[in-house]
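So this block is structure.txt, compact mmCIF, C-alpha atoms:
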# COMPACT_ATOMS: atom_id res chain seq x y z
CA MET A 174 28.46 85.72 122.83
CA MET A 175 28.79 82.41 120.97
CA ASN A 176 29.92 79.29 122.82
CA LYS A 177 33.26 77.91 121.73
CA ARG A 178 32.82 74.58 119.96
CA LEU A 179 35.35 71.85 120.29
CA SER A 180 36.37 70.15 117.06
CA ILE A 181 38.32 67.03 116.22
CA SER A 182 40.12 65.97 113.06
CA LYS A 183 39.11 63.00 110.94
CA ARG A 184 42.19 61.08 112.11
CA GLY A 185 41.43 61.97 115.72
CA LEU A 186 37.88 60.65 115.33
CA GLN A 187 39.25 57.47 113.76
CA ASN A 188 41.63 56.94 116.68
CA TRP A 189 38.85 57.57 119.19
CA LEU A 190 36.57 55.02 117.52
CA VAL A 191 39.31 52.37 117.63
CA ASP A 192 39.99 53.15 121.30
CA ALA A 193 36.25 52.99 121.99
CA CYS A 194 36.15 49.50 120.44
CA VAL A 195 39.10 48.44 122.62
CA PHE A 196 37.28 49.78 125.69
CA THR A 197 33.97 48.12 124.75
CA GLY A 198 35.58 44.74 124.11
CA ALA A 199 37.61 45.00 127.31
CA LEU A 200 34.55 45.95 129.35
CA ILE A 201 32.55 42.96 128.04
CA ALA A 202 35.49 40.60 128.63
CA ILE A 203 36.14 41.98 132.13
CA LEU A 204 32.52 41.81 133.32
CA SER A 205 32.08 38.28 132.01
CA GLY A 206 35.49 37.33 133.41
CA ILE A 207 34.46 38.56 136.86
CA TYR A 208 31.38 36.33 136.60
CA PHE A 209 33.55 33.26 135.92
CA LEU A 210 36.02 34.33 138.63
CA PHE A 211 33.38 34.24 141.36
CA VAL A 212 31.03 31.56 140.00
CA SER A 213 33.29 28.52 139.97
CA THR A 214 33.27 26.06 137.07
CA ILE A 215 33.85 23.15 139.47
CA GLY A 216 31.07 20.64 139.16
CA TYR A 217 30.88 20.57 135.38
CA GLN A 218 30.18 17.08 134.01
CA GLY A 219 29.91 15.09 137.20
CA GLY A 220 31.11 17.14 140.16
CA ARG A 221 28.97 18.93 142.72
CA ASN A 222 28.67 22.68 142.66
CA ALA A 223 25.48 24.45 143.68
CA LEU A 224 26.61 27.65 141.98
CA TYR A 225 27.22 26.11 138.57
CA GLU A 226 23.68 26.74 137.30
CA VAL A 227 23.39 30.17 138.93
CA THR A 228 21.87 32.71 136.54
CA PHE A 229 23.01 36.30 136.97
CA LEU A 230 21.42 38.37 134.19
CA PHE A 231 22.39 35.58 131.72
CA ASP A 232 23.04 31.86 131.94
CA ARG A 233 26.57 30.41 131.90
CA PRO A 234 26.73 29.66 128.12
CA MET A 235 25.67 33.25 127.38
CA TRP A 236 28.39 34.63 129.67
CA ASP A 237 30.86 32.34 127.91
CA ASP A 238 29.80 33.68 124.50
CA LEU A 239 30.02 37.27 125.75
CA HIS A 240 33.52 36.65 127.13
CA THR A 241 34.64 35.23 123.79
CA LEU A 242 32.99 38.07 121.84
CA GLY A 243 34.55 40.73 124.05
CA GLY A 244 37.98 39.14 123.72
CA VAL A 245 37.75 38.91 119.92
CA ILE A 246 36.58 42.55 119.62
CA MET A 247 39.45 43.67 121.84
CA LEU A 248 42.03 41.64 119.90
CA ILE A 249 40.93 43.04 116.54
CA ALA A 250 40.73 46.61 117.86
CA VAL A 251 44.17 46.39 119.50
CA ALA A 252 45.64 45.02 116.24
CA ILE A 253 44.17 47.98 114.32
CA HIS A 254 45.40 50.35 117.05
CA LEU A 255 48.95 49.01 116.71
CA MET A 256 48.88 49.33 112.92
CA LEU A 257 47.70 52.94 113.11
CA HIS A 258 50.31 53.91 115.71
CA TRP A 259 53.16 51.57 114.78
CA LYS A 260 55.68 54.35 114.08
CA TRP A 261 54.88 55.97 117.42
CA VAL A 262 55.22 52.61 119.22
CA VAL A 263 58.65 51.97 117.65
CA THR A 264 59.84 55.52 118.41
CA THR A 265 58.64 55.34 122.01
CA CYS A 266 60.26 51.94 122.58
CA LYS A 267 63.58 53.15 121.17
CA ARG A 268 63.44 56.28 123.30
CA ALA A 269 62.63 54.28 126.45
CA ILE A 270 65.39 51.73 125.83
CA GLY A 271 67.86 54.49 125.02
CA SER A 272 67.03 56.36 128.22
CA PHE A 273 67.75 53.26 130.30
CA TYR A 274 71.16 52.66 128.74
CA SER A 275 72.26 56.27 128.27
CA LYS A 276 73.93 57.92 131.26
CA GLY A 277 73.05 61.45 130.23
CA ALA A 278 69.40 60.83 129.42
CA CYS A 279 66.82 60.89 132.16
CA MET A 280 63.04 60.55 132.44
CA ASN A 281 60.81 62.41 134.83
CA ARG A 282 58.73 60.57 137.38
CA ASN A 283 55.44 60.78 135.45
CA THR A 284 57.03 59.33 132.32
CA LYS A 285 58.54 56.44 134.29
CA VAL A 286 55.22 55.65 135.98
CA ASN A 287 53.43 55.78 132.63
CA LEU A 288 55.99 53.45 131.05
CA VAL A 289 55.71 50.93 133.89
CA ILE A 290 51.91 50.93 133.70
CA ASP A 291 51.97 50.53 129.91
CA LEU A 292 54.53 47.72 130.14
CA VAL A 293 52.46 45.82 132.71
CA LEU A 294 49.34 46.40 130.60
CA ILE A 295 51.03 45.13 127.43
CA LEU A 296 52.50 42.02 129.09
CA SER A 297 49.27 41.10 130.90
CA PHE A 298 47.20 41.68 127.75
CA THR A 299 49.57 39.50 125.71
CA ALA A 300 49.41 36.67 128.25
CA CYS A 301 45.63 36.99 128.46
CA ALA A 302 45.25 37.07 124.66
CA VAL A 303 47.53 34.08 124.01
CA SER A 304 45.83 31.97 126.68
CA GLY A 305 42.43 33.10 125.39
CA ILE A 306 43.33 31.99 121.86
CA TYR A 307 44.35 28.62 123.32
CA PHE A 308 40.90 28.17 124.90
CA LEU A 309 39.23 29.40 121.70
CA PHE A 310 40.78 26.65 119.56
CA ALA A 311 41.58 23.86 122.05
CA PRO A 312 38.86 21.16 122.06
CA MET A 313 36.75 20.85 125.19
CA GLY A 314 35.86 17.16 124.89
CA GLY A 315 36.32 15.17 128.06
CA PHE A 316 37.43 18.05 130.22
CA GLN A 317 36.60 17.58 133.91
CA GLY A 318 34.92 14.25 133.99
CA SER A 319 34.49 12.32 130.79
CA ARG A 320 37.11 10.06 129.24
CA SER A 321 38.73 11.50 126.17
CA LEU A 322 42.27 11.75 124.85
CA THR A 323 41.56 15.40 124.02
CA GLY A 324 40.30 16.18 127.53
CA ASP A 325 43.43 18.06 128.58
CA THR A 326 44.84 19.32 125.31
CA SER A 327 48.36 20.40 126.20
CA PHE A 328 50.22 23.01 124.20
CA LEU A 329 53.32 24.14 126.09
CA PHE A 330 51.30 23.93 129.31
CA SER A 331 48.39 21.91 130.68
CA ARG A 332 44.85 23.23 130.42
CA THR A 333 44.86 24.02 134.15
CA THR A 334 48.05 26.08 133.79
CA TRP A 335 46.59 27.98 130.83
CA ASP A 336 43.51 28.67 132.95
CA LEU A 337 45.65 30.10 135.76
CA ILE A 338 47.64 32.21 133.30
CA HIS A 339 44.45 33.55 131.73
CA THR A 340 42.85 34.31 135.10
CA TRP A 341 45.75 36.11 136.76
CA ALA A 342 46.84 37.88 133.58
CA GLY A 343 43.27 39.16 133.31
CA VAL A 344 43.24 40.35 136.94
CA THR A 345 46.59 42.11 136.43
CA MET A 346 45.31 43.70 133.21
CA ILE A 347 42.23 45.05 135.01
CA PHE A 348 44.35 46.83 137.64
CA ALA A 349 46.83 48.11 135.03
CA ALA A 350 43.97 49.40 132.85
CA ALA A 351 42.43 51.14 135.87
CA PHE A 352 45.72 52.94 136.59
CA HIS A 353 46.05 53.75 132.87
CA PHE A 354 42.62 55.41 132.96
CA VAL A 355 43.50 57.41 136.07
CA VAL A 356 46.74 58.69 134.51
CA HIS A 357 45.10 59.66 131.21
CA TRP A 358 41.63 60.57 132.51
CA ARG A 359 41.80 64.27 131.64
CA TRP A 360 42.92 63.49 128.07
CA ILE A 361 40.15 60.87 127.69
CA VAL A 362 37.48 63.33 128.86
CA ASN A 363 38.75 66.15 126.63
CA VAL A 364 38.93 63.98 123.49
CA THR A 365 35.51 62.42 124.17
CA GLN A 366 33.97 65.87 124.63
CA SER A 367 35.59 66.99 121.38
CA VAL A 368 34.18 63.97 119.53
CA PHE A 369 30.60 64.48 120.73
CA SER A 370 30.80 68.24 120.27
CA SER A 371 32.02 67.76 116.70
CA LEU A 372 29.29 65.21 115.93
CA THR A 373 26.63 67.47 117.46
CA SER A 374 27.77 70.45 115.40
CA ARG A 375 27.67 68.36 112.21
CA LEU A 376 24.30 66.74 112.89
CA GLY A 377 22.71 69.79 114.49
CA PRO A 378 21.64 71.59 111.29
CA GLN A 379 20.13 68.36 109.94
CA LEU A 380 18.19 67.58 113.13
CA THR A 381 16.97 71.13 113.83
CA PRO A 382 14.01 72.27 111.67
CA GLU A 383 14.52 75.50 109.74
CA ARG A 384 12.85 78.58 111.13
CA ARG A 385 11.72 81.21 108.67
CA LEU A 386 11.34 84.80 109.73
CA GLY A 387 8.15 86.28 108.44
Rewritten as structure tokens:
Amino acid sequence: MMNKRLSISKRGLQNWLVDACVFTGALIAILSGIYFLFVSTIGYQGGRNALYEVTFLFDRPMWDDLHTLGGVIMLIAVAIHLMLHWKWVVTTCKRAIGSFYSKGACMNRNTKVNLVIDLVLILSFTACAVSGIYFLFAPMGGFQGSRSLTGDTSFLFSRTTWDLIHTWAGVTMIFAAAFHFVVHWRWIVNVTQSVFSSLTSRLGPQLTPERRLG
């Protein structure tokens, strides 16, 4: 009896690859963000902080570069994700807004929970992305110690406020993403299995040497 092989469409594979890029970028940004959350930056350029030069797998500049890289990957992947699913996003938003204002319409509990999680995830990601873009382009000269007019480059908020927004938006996003994974875990596993099963079935004949019956 032949084993049933899972298959996935070309569009499904494309969506999975984009989601995988979002996950990879988020994972890099989260791990490096946790490093900066627990290894304080206090002590830079003059202050005292014994933990500032602590090396955990990488040095501080490397963690900084990884955090930036992960954030950029996630931003690009999310932008592509939105473009691919824009019609679905608009339809879902209209349906959600309509259900709140319509007396006859109602949503089940699972749908409401999913909407709340997605809303928190979107808002926290937006706050984290905007504050991250600020730090990406705002000059660092003179921050925490040296004298420079560009030391605390203010745009809407002070640098310290942007730092707090970025930190707590990131923490909120981590928890929201964890709940998102729990809610959609079965779907994630099924699609991932389909992707690898499809790739294995396509590459199998090329990797397996031909056997001739004599």
Item to complete: State, in Å with one decimal place, the distance from atom CA of His254 of chain A to atom CA of Thr299 of chain A.
Response: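 Going from atom CA of His254 of chain A over to atom CA of Thr299 of chain A covers 14.5 Å.
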Fill in: 12 Å contact set for Arg184 of chain A, all atoms listed in the file, chain neighbours under 4 positions out, as a ChimeraX atom specification
/A:180,188-191,257-258,368
Discussion item. Rounded to one decimal, what separation in Å do you get between atom CA of Leu242 of chain A and atom CA of Ile290 of chain A?
Written reply: 25.8 Å
Discussion item. If I take atom CA of Thr284 of chain A and atom CA of Leu200 of chain A, how far is one from the other in Å, to one decimal?
Written reply: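 We find that atom CA of Thr284 of chain A and atom CA of Leu200 of chain A lie 26.3 Å from each other.
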Item to complete: Pick out the residues sitting within 12 Å of segment 363-367 of chain A, and hand them over as a PyMOL selection string; count all atoms listed in the file, and ignore anything fewer than 3 positions along from it in its own chain.
Response: chain A and resi 177-183+185-190+192-193+357-360+370-374
Selection: 8 Å around His240 of chain A, only C-alpha atoms, excl. self and same-chain fewer than 3 positions, as an mmCIF file with C-alpha atoms, in the coordinates of the input:
data_model
loop_
_atom_site.group_PDB
_atom_site.id
_atom_site.type_symbol
_atom_site.label_atom_id
_atom_site.label_comp_id
_atom_site.auth_asym_id
_atom_site.auth_seq_id
_atom_site.Cartn_x
_atom_site.Cartn_y
_atom_site.Cartn_z
ATOM 1 C CA ILE A 201 32.550 42.960 128.040
ATOM 2 C CA ALA A 202 35.490 40.600 128.630
ATOM 3 C CA ILE A 203 36.140 41.980 132.130
ATOM 4 C CA SER A 205 32.080 38.280 132.010
ATOM 5 C CA GLY A 206 35.490 37.330 133.410
ATOM 6 C CA TRP A 236 28.390 34.630 129.670
ATOM 7 C CA ASP A 237 30.860 32.340 127.910
ATOM 8 C CA GLY A 243 34.550 40.730 124.050
ATOM 9 C CA GLY A 244 37.980 39.140 123.720
#
